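Printed here is upload35.cif (mmCIF, C-alpha atoms):
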data_my_file
#
loop_
_atom_site.label_atom_id
_atom_site.label_comp_id
_atom_site.auth_asym_id
_atom_site.auth_seq_id
_atom_site.Cartn_x
_atom_site.Cartn_y
_atom_site.Cartn_z
CA MET A 1 -127.17 -50.16 46.63
CA HIS A 2 -130.56 -48.56 46.07
CA GLN A 3 -131.95 -47.65 42.71
CA PHE A 4 -134.72 -45.09 42.75
CA LEU A 5 -138.35 -45.45 41.86
CA ARG A 6 -139.72 -42.85 39.51
CA PHE A 7 -142.77 -41.51 41.32
CA THR A 8 -145.37 -39.30 39.73
CA HIS A 9 -148.08 -36.90 40.89
CA ARG A 10 -151.40 -38.74 41.13
CA ALA A 11 -153.27 -35.84 39.56
CA ASN A 12 -151.07 -35.83 36.47
CA PRO A 13 -149.63 -39.35 36.15
CA LEU A 14 -146.82 -40.20 33.81
CA ARG A 15 -145.43 -43.66 33.32
CA ALA A 16 -143.47 -44.77 36.38
CA LEU A 17 -140.18 -46.61 36.13
CA VAL A 18 -139.80 -49.28 38.77
CA VAL A 19 -136.55 -51.14 39.30
CA ALA A 20 -135.49 -53.47 42.08
CA ALA A 21 -132.06 -52.42 43.20
CA ALA A 22 -131.27 -55.16 45.62
CA LEU A 23 -132.94 -58.41 46.59
CA THR A 24 -132.28 -60.35 49.80
CA LEU A 25 -133.80 -63.59 51.09
CA ILE A 26 -136.61 -63.24 53.63
CA GLY A 27 -135.76 -65.07 56.83
CA SER A 28 -139.12 -66.51 57.89
CA LEU A 29 -140.84 -69.31 56.06
CA ALA A 30 -144.22 -67.60 56.42
CA SER A 31 -142.99 -64.40 54.82
CA ALA A 32 -141.50 -66.40 51.98
CA GLN A 33 -145.02 -66.99 50.65
CA GLY A 34 -144.94 -63.35 49.50
CA GLY A 35 -142.15 -60.82 49.66
CA GLY A 36 -140.93 -57.74 51.43
CA MET A 37 -139.79 -54.21 50.65
CA GLU A 38 -137.45 -51.75 52.32
CA LEU A 39 -137.92 -48.24 50.92
CA THR A 40 -135.75 -45.20 51.63
CA VAL A 41 -137.30 -41.79 50.91
CA GLN A 42 -135.40 -38.55 50.36
CA ASP A 43 -136.14 -35.09 49.02
CA ALA A 44 -134.83 -33.55 45.78
CA LYS A 45 -131.64 -32.45 47.56
CA GLY A 46 -130.91 -35.96 48.83
CA LYS A 47 -132.01 -35.36 52.43
CA VAL A 48 -133.88 -38.30 54.01
CA LEU A 49 -137.52 -37.64 54.85
CA LYS A 50 -139.27 -38.99 57.93
CA GLY A 51 -143.02 -39.05 58.37
CA VAL A 52 -143.79 -40.01 54.77
CA ASN A 53 -146.95 -42.12 54.59
CA ILE A 54 -146.70 -45.13 52.24
CA ASN A 55 -149.77 -47.10 51.19
CA ALA A 56 -149.19 -50.30 49.20
CA VAL A 57 -152.00 -51.24 46.79
CA VAL A 58 -152.45 -54.33 44.63
CA GLU A 59 -152.11 -53.00 41.10
CA SER A 60 -154.71 -55.30 39.55
CA THR A 61 -157.47 -54.78 42.16
CA GLY A 62 -156.71 -51.51 43.94
CA ASP A 63 -156.87 -53.26 47.35
CA SER A 64 -154.59 -51.87 50.04
CA VAL A 65 -152.25 -54.48 51.55
CA GLY A 66 -150.43 -52.34 54.08
CA THR A 67 -149.44 -48.88 55.24
CA ALA A 68 -146.37 -47.56 57.02
CA VAL A 69 -144.55 -44.32 57.83
CA THR A 70 -140.85 -43.63 57.23
CA ASN A 71 -138.70 -43.39 60.34
CA LYS A 72 -136.09 -40.74 61.13
CA LYS A 73 -133.73 -42.40 58.66
CA GLY A 74 -136.35 -42.09 55.92
CA ILE A 75 -136.88 -45.85 55.87
CA VAL A 76 -140.10 -47.83 55.72
CA LYS A 77 -140.53 -51.60 55.62
CA LEU A 78 -143.54 -53.51 54.34
CA ASP A 79 -144.47 -57.16 53.80
CA PHE A 80 -146.59 -58.20 50.82
CA PRO A 81 -148.88 -61.24 50.71
CA ALA A 82 -147.88 -62.39 47.24
CA GLU A 83 -145.44 -61.67 44.47
CA GLY A 84 -146.50 -59.28 41.71
CA PHE A 85 -146.86 -55.60 40.94
CA TYR A 86 -148.00 -53.07 43.52
CA SER A 87 -148.63 -49.33 43.50
CA LEU A 88 -146.98 -47.30 46.24
CA GLU A 89 -148.82 -44.14 47.24
CA ALA A 90 -146.59 -41.63 49.02
CA SER A 91 -147.88 -38.56 50.90
CA LYS A 92 -146.54 -36.00 53.35
CA ASP A 93 -147.55 -32.49 54.39
CA GLY A 94 -146.03 -29.95 52.01
CA TYR A 95 -145.74 -32.46 49.17
CA PRO A 96 -148.28 -33.52 46.56
CA GLU A 97 -149.31 -37.16 46.69
CA GLN A 98 -147.07 -39.22 44.43
CA ILE A 99 -147.38 -42.74 43.13
CA GLY A 100 -144.96 -45.39 41.88
CA ARG A 101 -144.92 -49.04 40.90
CA VAL A 102 -142.88 -51.87 42.40
CA GLU A 103 -142.48 -55.54 41.54
CA ILE A 104 -142.30 -57.85 44.55
CA LYS A 105 -140.44 -61.13 44.15
CA LYS A 106 -141.54 -64.21 46.06
CA GLY A 107 -139.33 -64.95 49.04
CA MET A 108 -137.24 -61.82 48.55
CA THR A 109 -136.91 -58.40 50.13
CA THR A 110 -136.69 -55.63 47.57
CA SER A 111 -134.61 -52.61 48.60
CA LEU A 112 -135.60 -49.39 46.87
CA GLY A 113 -135.10 -45.68 47.03
CA MET A 114 -137.36 -42.84 46.00
CA THR A 115 -137.25 -39.08 45.80
CA LEU A 116 -140.27 -37.13 46.99
CA TYR A 117 -140.71 -33.86 45.15
CA THR A 118 -142.45 -30.63 46.02
CA GLU A 119 -145.09 -29.41 43.58
CA ALA A 120 -142.56 -27.28 41.72
CA THR A 121 -139.77 -29.83 41.65
CA LEU A 122 -142.17 -32.62 40.70
CA THR A 123 -143.38 -30.68 37.67
CA THR A 124 -139.79 -29.99 36.66
CA GLN A 125 -138.89 -33.64 37.08
CA GLN A 126 -141.91 -34.73 35.08
CA ALA A 127 -140.81 -32.40 32.29
CA ILE A 128 -137.31 -33.85 32.36
CA ASP A 129 -138.66 -37.40 32.37
CA ALA A 130 -140.95 -36.64 29.41
CA PHE A 131 -138.08 -35.03 27.53
CA ASN A 132 -135.77 -37.98 28.18
CA ASP A 133 -138.49 -40.40 27.07
CA GLY A 134 -138.82 -38.42 23.83
CA VAL A 135 -135.08 -38.53 23.22
CA ALA A 136 -135.06 -42.30 23.78
CA GLN A 137 -137.98 -42.74 21.37
CA LEU A 138 -136.12 -40.82 18.68
CA GLN A 139 -133.52 -43.58 18.75
CA SER A 140 -136.17 -46.07 17.61
CA PRO A 141 -137.49 -45.67 14.05
CA GLY A 142 -141.24 -45.25 13.85
CA GLN A 143 -141.68 -43.60 17.26
CA GLU A 144 -141.51 -39.99 16.10
CA ALA A 145 -145.18 -39.36 16.99
CA GLU A 146 -144.65 -40.62 20.54
CA ALA A 147 -141.49 -38.54 20.86
CA LEU A 148 -143.32 -35.43 19.67
CA ALA A 149 -146.06 -35.96 22.28
CA ASN A 150 -143.43 -36.21 25.01
CA PHE A 151 -141.62 -33.05 23.87
CA VAL A 152 -144.93 -31.19 23.82
CA ASP A 153 -145.59 -32.37 27.40
CA ALA A 154 -142.08 -31.43 28.50
CA SER A 155 -142.31 -27.90 27.11
CA ARG A 156 -145.78 -27.43 28.67
CA LEU A 157 -144.66 -28.66 32.09
CA ASP A 158 -141.47 -26.61 32.05
CA PRO A 159 -141.36 -23.83 29.44
CA SER A 160 -137.72 -23.14 30.36
CA LEU A 161 -136.75 -26.52 28.90
CA ILE A 162 -135.52 -24.93 25.67
CA ASP A 163 -134.55 -28.10 23.80
CA ALA A 164 -138.09 -29.40 24.20
CA HIS A 165 -139.32 -26.42 22.16
CA ARG A 166 -136.64 -27.03 19.54
CA LEU A 167 -137.42 -30.70 19.07
CA THR A 168 -141.17 -30.04 19.13
CA ALA A 169 -140.76 -27.54 16.30
CA ILE A 170 -138.62 -29.85 14.18
CA LEU A 171 -140.86 -32.91 14.60
CA ALA A 172 -144.06 -30.90 14.17
CA ALA A 173 -142.66 -29.43 10.95
CA ASN A 174 -142.17 -32.97 9.65
CA THR A 175 -145.86 -33.68 10.27
CA GLY A 176 -146.97 -30.43 8.63
CA ASP A 177 -148.58 -29.10 11.84
CA LEU A 178 -148.03 -25.42 11.11
CA GLU A 179 -149.53 -24.00 14.30
CA LEU A 180 -147.61 -26.28 16.66
CA THR A 181 -144.41 -25.71 14.70
CA GLU A 182 -144.74 -21.94 14.80
CA ASN A 183 -145.53 -21.80 18.51
CA ALA A 184 -142.58 -24.02 19.42
CA MET A 185 -140.29 -22.18 17.01
CA ASN A 186 -141.20 -18.80 18.50
CA ALA A 187 -140.65 -20.07 22.04
CA PHE A 188 -137.22 -21.41 21.14
CA LEU A 189 -136.06 -18.31 19.24
CA ALA A 190 -137.31 -16.02 22.01
CA ALA A 191 -134.99 -17.84 24.40
CA VAL A 192 -132.14 -18.36 21.92
CA PRO A 193 -132.23 -15.58 19.30
CA GLU A 194 -128.99 -16.79 17.77
CA GLY A 195 -130.28 -20.37 17.51
CA MET A 196 -131.66 -20.17 13.97
CA PRO A 197 -129.34 -22.89 12.51
CA ALA A 198 -130.54 -25.39 15.14
CA ILE A 199 -134.18 -24.94 14.17
CA ALA A 200 -133.89 -23.73 10.57
CA PRO A 201 -135.96 -26.55 8.94
CA ALA A 202 -138.94 -25.63 11.11
CA VAL A 203 -138.52 -21.89 10.55
CA TYR A 204 -138.20 -22.47 6.81
CA MET A 205 -141.44 -24.45 6.69
CA VAL A 206 -143.34 -21.81 8.68
CA TYR A 207 -142.03 -18.87 6.66
CA ARG A 208 -142.67 -20.51 3.32
CA LYS A 209 -146.15 -21.80 4.19
CA THR A 210 -147.22 -18.45 5.62
CA GLY A 211 -146.04 -16.41 2.65
CA ARG A 212 -143.06 -14.78 4.36
CA SER A 213 -140.83 -15.29 1.32
CA SER A 214 -138.94 -12.03 1.87
CA GLU A 215 -137.65 -13.44 5.16
CA LEU A 216 -136.37 -16.68 3.64
CA PRO A 217 -132.80 -15.68 2.56
CA PRO A 218 -131.28 -15.78 6.08
CA VAL A 219 -133.18 -19.00 6.79
CA ARG A 220 -131.69 -20.59 3.68
CA ASP A 221 -128.26 -19.48 4.90
CA ALA A 222 -128.98 -21.03 8.29
CA LEU A 223 -130.02 -24.29 6.62
CA ARG A 224 -126.75 -24.38 4.72
CA THR A 225 -124.78 -23.59 7.87
CA ALA A 226 -126.48 -26.44 9.71
CA GLY A 227 -126.10 -28.86 6.79
CA PHE A 228 -129.85 -29.24 6.28
CA ALA A 229 -130.25 -27.36 3.00
CA GLY A 230 -129.76 -30.38 0.72
CA ASN A 231 -132.44 -32.50 2.38
CA VAL A 232 -134.89 -29.60 2.53
CA ALA A 233 -134.22 -28.84 -1.14
CA ILE A 234 -135.11 -32.40 -2.10
CA GLY A 235 -138.37 -32.09 -0.19
CA VAL A 236 -139.23 -28.86 -2.00
CA PHE A 237 -138.30 -30.42 -5.35
CA ASN A 238 -140.63 -33.35 -4.63
CA GLU A 239 -143.42 -30.87 -3.95
CA GLY A 240 -142.70 -29.47 -7.40
CA VAL A 241 -142.98 -32.91 -8.97
CA LYS A 242 -146.38 -33.37 -7.32
CA ALA A 243 -147.50 -29.95 -8.54
CA LEU A 244 -146.46 -30.94 -12.04
CA LYS A 245 -148.48 -34.16 -11.83
CA ASP A 246 -151.43 -32.04 -10.73
CA GLU A 247 -150.88 -29.88 -13.85
CA LYS A 248 -149.91 -26.84 -11.78
CA THR A 249 -147.00 -25.86 -13.98
CA ASP A 250 -146.42 -22.39 -12.54
CA ASP A 251 -146.35 -23.78 -9.00
CA ALA A 252 -143.93 -26.49 -10.12
CA LYS A 253 -141.58 -23.94 -11.66
CA ALA A 254 -141.62 -21.85 -8.50
CA LEU A 255 -140.86 -24.91 -6.36
CA PHE A 256 -138.02 -26.10 -8.61
CA THR A 257 -136.54 -22.59 -8.48
CA GLU A 258 -136.87 -22.51 -4.70
CA ALA A 259 -135.13 -25.89 -4.45
CA LEU A 260 -132.18 -24.43 -6.36
CA LEU A 261 -132.04 -21.42 -4.03
CA LEU A 262 -131.53 -23.93 -1.25
CA ASP A 263 -129.11 -26.19 -3.12
CA SER A 264 -127.54 -24.87 -6.31
CA SER A 265 -126.08 -28.32 -7.05
CA LEU A 266 -129.47 -30.04 -7.39
CA THR A 267 -129.17 -31.20 -11.00
CA VAL A 268 -132.67 -32.66 -11.19
CA ALA A 269 -134.14 -29.20 -10.58
CA TYR A 270 -132.13 -27.68 -13.46
CA ARG A 271 -133.20 -30.55 -15.68
CA SER A 272 -136.87 -30.16 -14.72
CA LEU A 273 -136.92 -26.40 -15.28
CA ALA A 274 -135.15 -26.77 -18.62
CA ALA A 275 -137.55 -29.50 -19.73
CA LEU A 276 -140.58 -27.32 -19.01
CA ASP A 277 -139.26 -24.63 -21.37
CA PHE A 278 -137.80 -27.08 -23.90
CA ASN A 279 -141.06 -28.97 -24.30
CA GLU A 280 -142.86 -25.71 -25.01
CA GLY A 281 -140.29 -24.69 -27.60
CA ARG A 282 -138.77 -21.95 -25.42
CA PHE A 283 -135.23 -22.95 -26.28
CA GLU A 284 -133.56 -19.67 -25.32
CA ALA A 285 -135.17 -19.85 -21.88
CA ALA A 286 -134.15 -23.50 -21.49
CA LEU A 287 -130.46 -22.95 -22.24
CA PRO A 288 -129.33 -21.26 -18.97
CA ASN A 289 -130.65 -24.15 -16.90
CA LEU A 290 -129.21 -26.68 -19.36
CA GLU A 291 -125.81 -25.01 -19.25
CA LYS A 292 -125.83 -25.08 -15.44
CA LEU A 293 -126.90 -28.72 -15.50
CA LEU A 294 -124.05 -29.62 -17.87
CA GLU A 295 -121.57 -27.63 -15.83
CA LEU A 296 -122.42 -29.89 -12.89
CA ASN A 297 -122.77 -33.07 -14.95
CA PRO A 298 -121.13 -32.78 -18.39
CA GLN A 299 -122.23 -36.30 -19.37
CA HIS A 300 -125.92 -35.88 -18.55
CA ARG A 301 -127.71 -37.63 -21.41
CA ASP A 302 -131.01 -35.71 -21.38
CA GLY A 303 -129.22 -32.45 -20.66
CA ASN A 304 -126.96 -32.81 -23.69
CA ARG A 305 -129.86 -33.88 -25.88
CA MET A 306 -131.99 -30.87 -24.96
CA ALA A 307 -129.00 -28.56 -25.21
CA PHE A 308 -128.23 -29.89 -28.70
CA PHE A 309 -131.65 -29.10 -30.12
CA SER A 310 -131.81 -25.80 -28.22
CA TYR A 311 -128.48 -24.64 -29.64
CA VAL A 312 -129.59 -25.64 -33.14
CA ALA A 313 -132.83 -23.71 -32.73
CA GLU A 314 -130.80 -20.68 -31.66
CA GLY A 315 -128.43 -21.06 -34.63
CA ASN A 316 -125.40 -22.07 -32.54
CA THR A 317 -124.18 -25.14 -34.40
CA THR A 318 -120.71 -25.02 -32.85
CA ASP A 319 -121.97 -25.64 -29.32
CA ALA A 320 -124.59 -28.00 -30.72
CA VAL A 321 -121.84 -30.29 -32.05
CA THR A 322 -120.00 -30.19 -28.70
CA VAL A 323 -123.01 -31.25 -26.65
CA GLY A 324 -124.15 -33.57 -29.43
CA LYS A 325 -120.94 -35.58 -29.11
CA ALA A 326 -121.43 -35.82 -25.36
CA TRP A 327 -125.00 -36.94 -25.97
CA ALA A 328 -123.87 -39.57 -28.48
CA ALA A 329 -121.35 -40.88 -25.95
CA LYS A 330 -124.28 -41.79 -23.70
CA ASP A 331 -126.87 -42.63 -26.36
CA LYS A 332 -126.01 -44.77 -29.39
CA ASN A 333 -129.16 -43.53 -31.12
CA ALA A 334 -128.28 -39.84 -30.89
CA ALA A 335 -127.04 -39.48 -34.47
CA GLU A 336 -130.02 -41.47 -35.71
CA GLU A 337 -132.43 -39.10 -33.93
CA ILE A 338 -130.66 -36.10 -35.47
CA SER A 339 -130.79 -37.80 -38.89
CA ALA A 340 -134.50 -38.39 -38.42
CA ARG A 341 -134.94 -34.62 -38.10
CA ALA A 342 -132.98 -34.19 -41.36
CA THR A 343 -135.25 -36.75 -43.07
CA GLU A 344 -138.36 -35.00 -41.78
CA HIS A 345 -137.19 -31.66 -43.19
CA TYR A 346 -136.11 -33.31 -46.45
CA GLU A 347 -139.45 -34.97 -47.00
CA ASN A 348 -141.26 -31.72 -46.25
CA GLY A 349 -139.24 -29.79 -48.80
CA ARG A 350 -137.07 -27.86 -46.32
CA ALA A 351 -133.78 -28.58 -48.03
CA GLN A 352 -131.62 -26.15 -46.05
CA ASP A 353 -132.85 -27.44 -42.68
CA ALA A 354 -132.38 -30.98 -43.91
CA ARG A 355 -128.76 -30.27 -44.86
CA THR A 356 -128.11 -28.58 -41.48
CA TYR A 357 -129.30 -31.61 -39.51
CA ALA A 358 -127.56 -34.07 -41.84
CA ASP A 359 -124.27 -32.19 -41.35
CA LEU A 360 -124.78 -32.16 -37.58
CA ALA A 361 -125.56 -35.89 -37.44
CA LEU A 362 -122.25 -36.72 -39.09
CA ALA A 363 -120.38 -34.11 -37.07
CA VAL A 364 -121.64 -35.85 -33.94
CA ASP A 365 -120.90 -39.34 -35.28
CA PRO A 366 -119.15 -39.65 -38.67
CA ASP A 367 -119.65 -43.43 -38.59
CA SER A 368 -123.40 -43.32 -38.13
CA PRO A 369 -124.90 -45.62 -40.77
CA TYR A 370 -128.24 -43.88 -40.87
CA GLY A 371 -126.51 -40.49 -40.78
CA ASN A 372 -124.59 -41.36 -43.93
CA TYR A 373 -127.73 -42.71 -45.60
CA THR A 374 -129.62 -39.53 -44.78
CA MET A 375 -126.78 -37.35 -46.03
CA GLY A 376 -126.72 -39.34 -49.28
CA ARG A 377 -130.40 -38.70 -49.84
CA VAL A 378 -130.09 -34.99 -48.98
CA LEU A 379 -127.09 -34.51 -51.30
CA ALA A 380 -128.78 -36.43 -54.09
CA GLY A 381 -131.77 -34.16 -53.80
CA ALA A 382 -129.46 -31.14 -53.98
CA GLY A 383 -127.80 -32.50 -57.13
CA ASP A 384 -124.41 -33.25 -55.53
CA ILE A 385 -124.29 -36.73 -57.06
CA ALA A 386 -120.65 -37.61 -56.40
CA LYS A 387 -120.81 -36.90 -52.68
CA ALA A 388 -124.24 -38.46 -52.45
CA LYS A 389 -122.83 -41.75 -53.81
CA GLU A 390 -119.92 -41.57 -51.34
CA HIS A 391 -122.25 -41.34 -48.35
CA LEU A 392 -124.63 -43.97 -49.67
CA GLN A 393 -121.74 -46.36 -50.22
CA ARG A 394 -120.42 -45.54 -46.76
CA PHE A 395 -123.82 -46.47 -45.36
CA ILE A 396 -123.73 -49.83 -47.19
CA ASP A 397 -120.21 -50.52 -45.94
CA LEU A 398 -121.16 -49.71 -42.34
CA ALA A 399 -124.47 -51.59 -42.32
CA PRO A 400 -124.70 -54.08 -45.19
CA SER A 401 -127.63 -55.91 -43.59
CA HIS A 402 -129.62 -52.74 -42.84
CA PRO A 403 -133.20 -52.84 -44.24
CA GLU A 404 -132.39 -49.78 -46.36
CA ALA A 405 -129.14 -51.19 -47.78
CA ALA A 406 -130.84 -52.49 -50.94
CA SER A 407 -132.55 -49.15 -51.42
CA ALA A 408 -129.19 -47.39 -51.10
CA LYS A 409 -127.67 -49.65 -53.75
CA ALA A 410 -130.54 -48.93 -56.09
CA MET A 411 -130.11 -45.20 -55.50
CA ILE A 412 -126.40 -45.38 -56.36
CA GLU A 413 -127.17 -47.25 -59.57
CA GLY A 414 -129.87 -44.78 -60.50
CA LEU A 415 -127.83 -41.63 -59.88
#
Please rewrite the model in this file as structure tokens.
Amino acid sequence: MHQFLRFTHRANPLRALVVAAALTLIGSLASAQGGGMELTVQDAKGKVLKGVNINAVVESTGDSVGTAVTNKKGIVKLDFPAEGFYSLEASKDGYPEQIGRVEIKKGMTTSLGMTLYTEATLTTQQAIDAFNDGVAQLQSPGQEAEALANFVDASRLDPSLIDAHRLTAILAANTGDLELTENAMNAFLAAVPEGMPAIAPAVYMVYRKTGRSSELPPVRDALRTAGFAGNVAIGVFNEGVKALKDEKTDDAKALFTEALLLDSSLTVAYRSLAALDFNEGRFEAALPNLEKLLELNPQHRDGNRMAFFSYVAEGNTTDAVTVGKAWAAKDKNAAEEISARATEHYENGRAQDARTYADLALAVDPDSPYGNYTMGRVLAGAGDIAKAKEHLQRFIDLAPSHPEAASAKAMIEGL
């Protein structure tokens, strides 16, 4: 059974696929020094073609080794002087010259088939071949650039090959080639107006990079419909991280916000937005993003920590204790950090703030050694000697080997 050579137009060559479909032994000893070929030629509709001129050329030198013309059955036979690769040049009136490649085996006759295309059908076939090559390359990691080149060729050769436009747009978007992406995107959507979900990542990139933000909502919806929104959101978030490293804070905020418009479950974006406000002391502004973060991940360590101090700054000690306990569950030093704030206020003469943080430290973790020590100092300073001794003694009981244990004992004796 024949397999078919993939022939190409000489003026616009693509890679030719050559396969030997059937091999038979050559009868004569003289012929066995080289090999033979039996080629059957047909048109695109499968009708055999007579009168097709075939010229066999040594691939390495370009020397012709034989010519023949197909008979009424579309068959031509040729002998070759040696094994190896040969080019087969096919020509006939009404058809563009086409060229293929065949491997001749020593002592064997290779039976092959080929289809001769008209100018129009050849171009279409070349487009299909380029498209199929691109699809095959996409199955192999690292060949995206080669695949993109083939899809570009396919869409140029046959603009009606709609999927070539789609895949060109998607791959070009990944490379950041805005012009190529937009052209391919427009060609695809002109042919398939309802096809937005299939090409949404490319459309999203074009709209965002060209300032068409007002047109983004339906594109975001299309990304979600197609299941692409999460991956695109991560890419946008990473852009925000880069902007932050480049000290472009406003750009970073806008990118983190855009990432959340794509994927409202992206906890890292809530955390990043909250941190930007928290670090600048804008606690009220930080809280909405912190609350959303903790709604999605109630045990988030940094989220609970920032929420604790934000609630305290806003005077909401009830919610501060709630998130403080969640923070302490993930961070054994949480109560110590809160106590350190109490100590700082105490040593700077802010007695009321010191008492607030000391109370919160023990509300978060009643068995915090340093929390009890801090509370003892704060109460002693306020003149509540009895309770001060209780907390100092509790500190000693909890951490008898602590560096401050001796100091606590001396304080108790001196009160």
Select from region 215-298 of chain A every residue with an atom at most 10 Å from any atom of region 305-324 of chain A, then for each give the shortest pair of atoms and their distance in Å to one decimal, using all atoms listed in the file, rows by chain and rising number, as a Markdown table.
| residue | atom | partner | partner_atom | distance |
| --- | --- | --- | --- | --- |
| A:Arg271 | CA | A:Met306 | CA | 9.4 |
| A:Ala274 | CA | A:Met306 | CA | 8.2 |
| A:Ala275 | CA | A:Met306 | CA | 7.8 |
| A:Phe278 | CA | A:Met306 | CA | 7.0 |
| A:Asn279 | CA | A:Met306 | CA | 9.3 |
| A:Gly281 | CA | A:Ser310 | CA | 8.6 |
| A:Arg282 | CA | A:Ser310 | CA | 8.4 |
| A:Phe283 | CA | A:Ser310 | CA | 4.9 |
| A:Glu284 | CA | A:Glu314 | CA | 7.0 |
| A:Ala285 | CA | A:Ser310 | CA | 9.3 |
| A:Ala286 | CA | A:Ser310 | CA | 7.5 |
| A:Leu287 | CA | A:Ala307 | CA | 6.5 |
| A:Pro288 | CA | A:Ala307 | CA | 9.6 |
| A:Asn289 | CA | A:Ala307 | CA | 9.6 |
| A:Leu290 | CA | A:Ala307 | CA | 6.1 |
| A:Glu291 | CA | A:Ala307 | CA | 7.6 |
| A:Leu293 | CA | A:Ala307 | CA | 9.9 |
| A:Leu294 | CA | A:Ala307 | CA | 8.9 |
| A:Pro298 | CA | A:Val323 | CA | 8.6 |
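Proximity to Ala226 (chain A) was assessed for A:Gly211, A:Gly303, A:Pro201, A:Gly176 counting all atoms listed in the file; the smallest distance is recorded for A:Pro201.
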* Quick one: residues within 7 Å of (-120.4, -41.2, -43.0) (file frame), counting all atoms listed in the file, please, as a list in words. =>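 Residues satisfying the cut-off, written out: Leu362, Pro366, Asp367, Ser368, Pro369, Gly371, Asn372, His391, Arg394 and Phe395 of chain A.
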* Structure fact -> Closest of A:Leu122, A:Val76, A:Ala68, A:Ile396 to Leu157 (chain A), counting only C-alpha atoms, is A:Leu122
* To do: Determine the residue set returned by the PyMOL selection byres ((chain A and resi 253) around 12) for the present structure, and present it as number ranges by chain.
  => A: 236-244, 247-252, 254-260, 269-277
* Check what the PyMOL selection byres ((chain A and resi 265) around 10) selects in the file above and give those residues as a list in words. => Gly230, Ala259, Leu260, Leu261, Leu262, Asp263, Ser264, Leu266, Thr267, Val268, Ala269, Tyr270, Lys292, Leu293, Glu295, Leu296 and Asn297 of chain A
* Report the residues retrieved by the PyMOL selection byres ((chain A and resi 189-198) around 12) from the displayed file, expressed as a count of residues only. => 37
Just the residues within 6 Å of region 334-337 of chain A, please, counting all atoms listed in the file, with nothing from its chain fewer than 5 positions along; format it as a PDB file with C-alpha atoms, keeping the file's coordinate frame.
ATOM      1  CA  ALA A 328    -123.870 -39.570 -28.480  1.00  0.00           C
ATOM      2  CA  ALA A 361    -125.560 -35.890 -37.440  1.00  0.00           C
ATOM      3  CA  TYR A 370    -128.240 -43.880 -40.870  1.00  0.00           C
TER       4      TYR A 370
END
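Minimum atom-to-atom distances from A:Tyr346, A:Glu404, A:Asp359, A:Asp129 to Tyr373 (chain A) were compared using all atoms listed in the file, and the lowest value belongs to A:Glu404.
Among the candidate residues A:Ala56, A:Ala399, A:Ala363, A:Val135, the one lying nearest to Val102 (chain A) is A:Ala56, with distances computed using only C-alpha atoms.
Among the candidates A:Asp63, A:Glu390, A:Asp246, A:Asp153, the one nearest to Thr168 (chain A) when counting all atoms listed in the file is A:Asp153.
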* Could you jot down the CA of Pro400 (chain A) to CA of Val364 (chain A) separation for me, Å, one decimal place? =>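 Result for CA of Pro400 (chain A) versus CA of Val364 (chain A): 21.6 Å, one decimal.
What separates CA of Ala380 (chain A) from CA of Ala354 (chain A) is a distance of 12.1 Å.
Going from CA of Lys73 (chain A) over to CA of Val58 (chain A), you cover 26.3 Å.
Each of A:Ala410, A:Ala149, A:Ile75, A:Met37 was checked against Thr109 (chain A) using all atoms listed in the file; the smallest atom-to-atom distance is that of A:Met37.
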* Quick one: everything within 9 Å of region 85-88 of chain A, counting only C-alpha atoms, minus sequence neighbours fewer than 2 positions away in the same chain. Send it as a ChimeraX atom specification. => /A:7,54-60,62,83,90,98-104
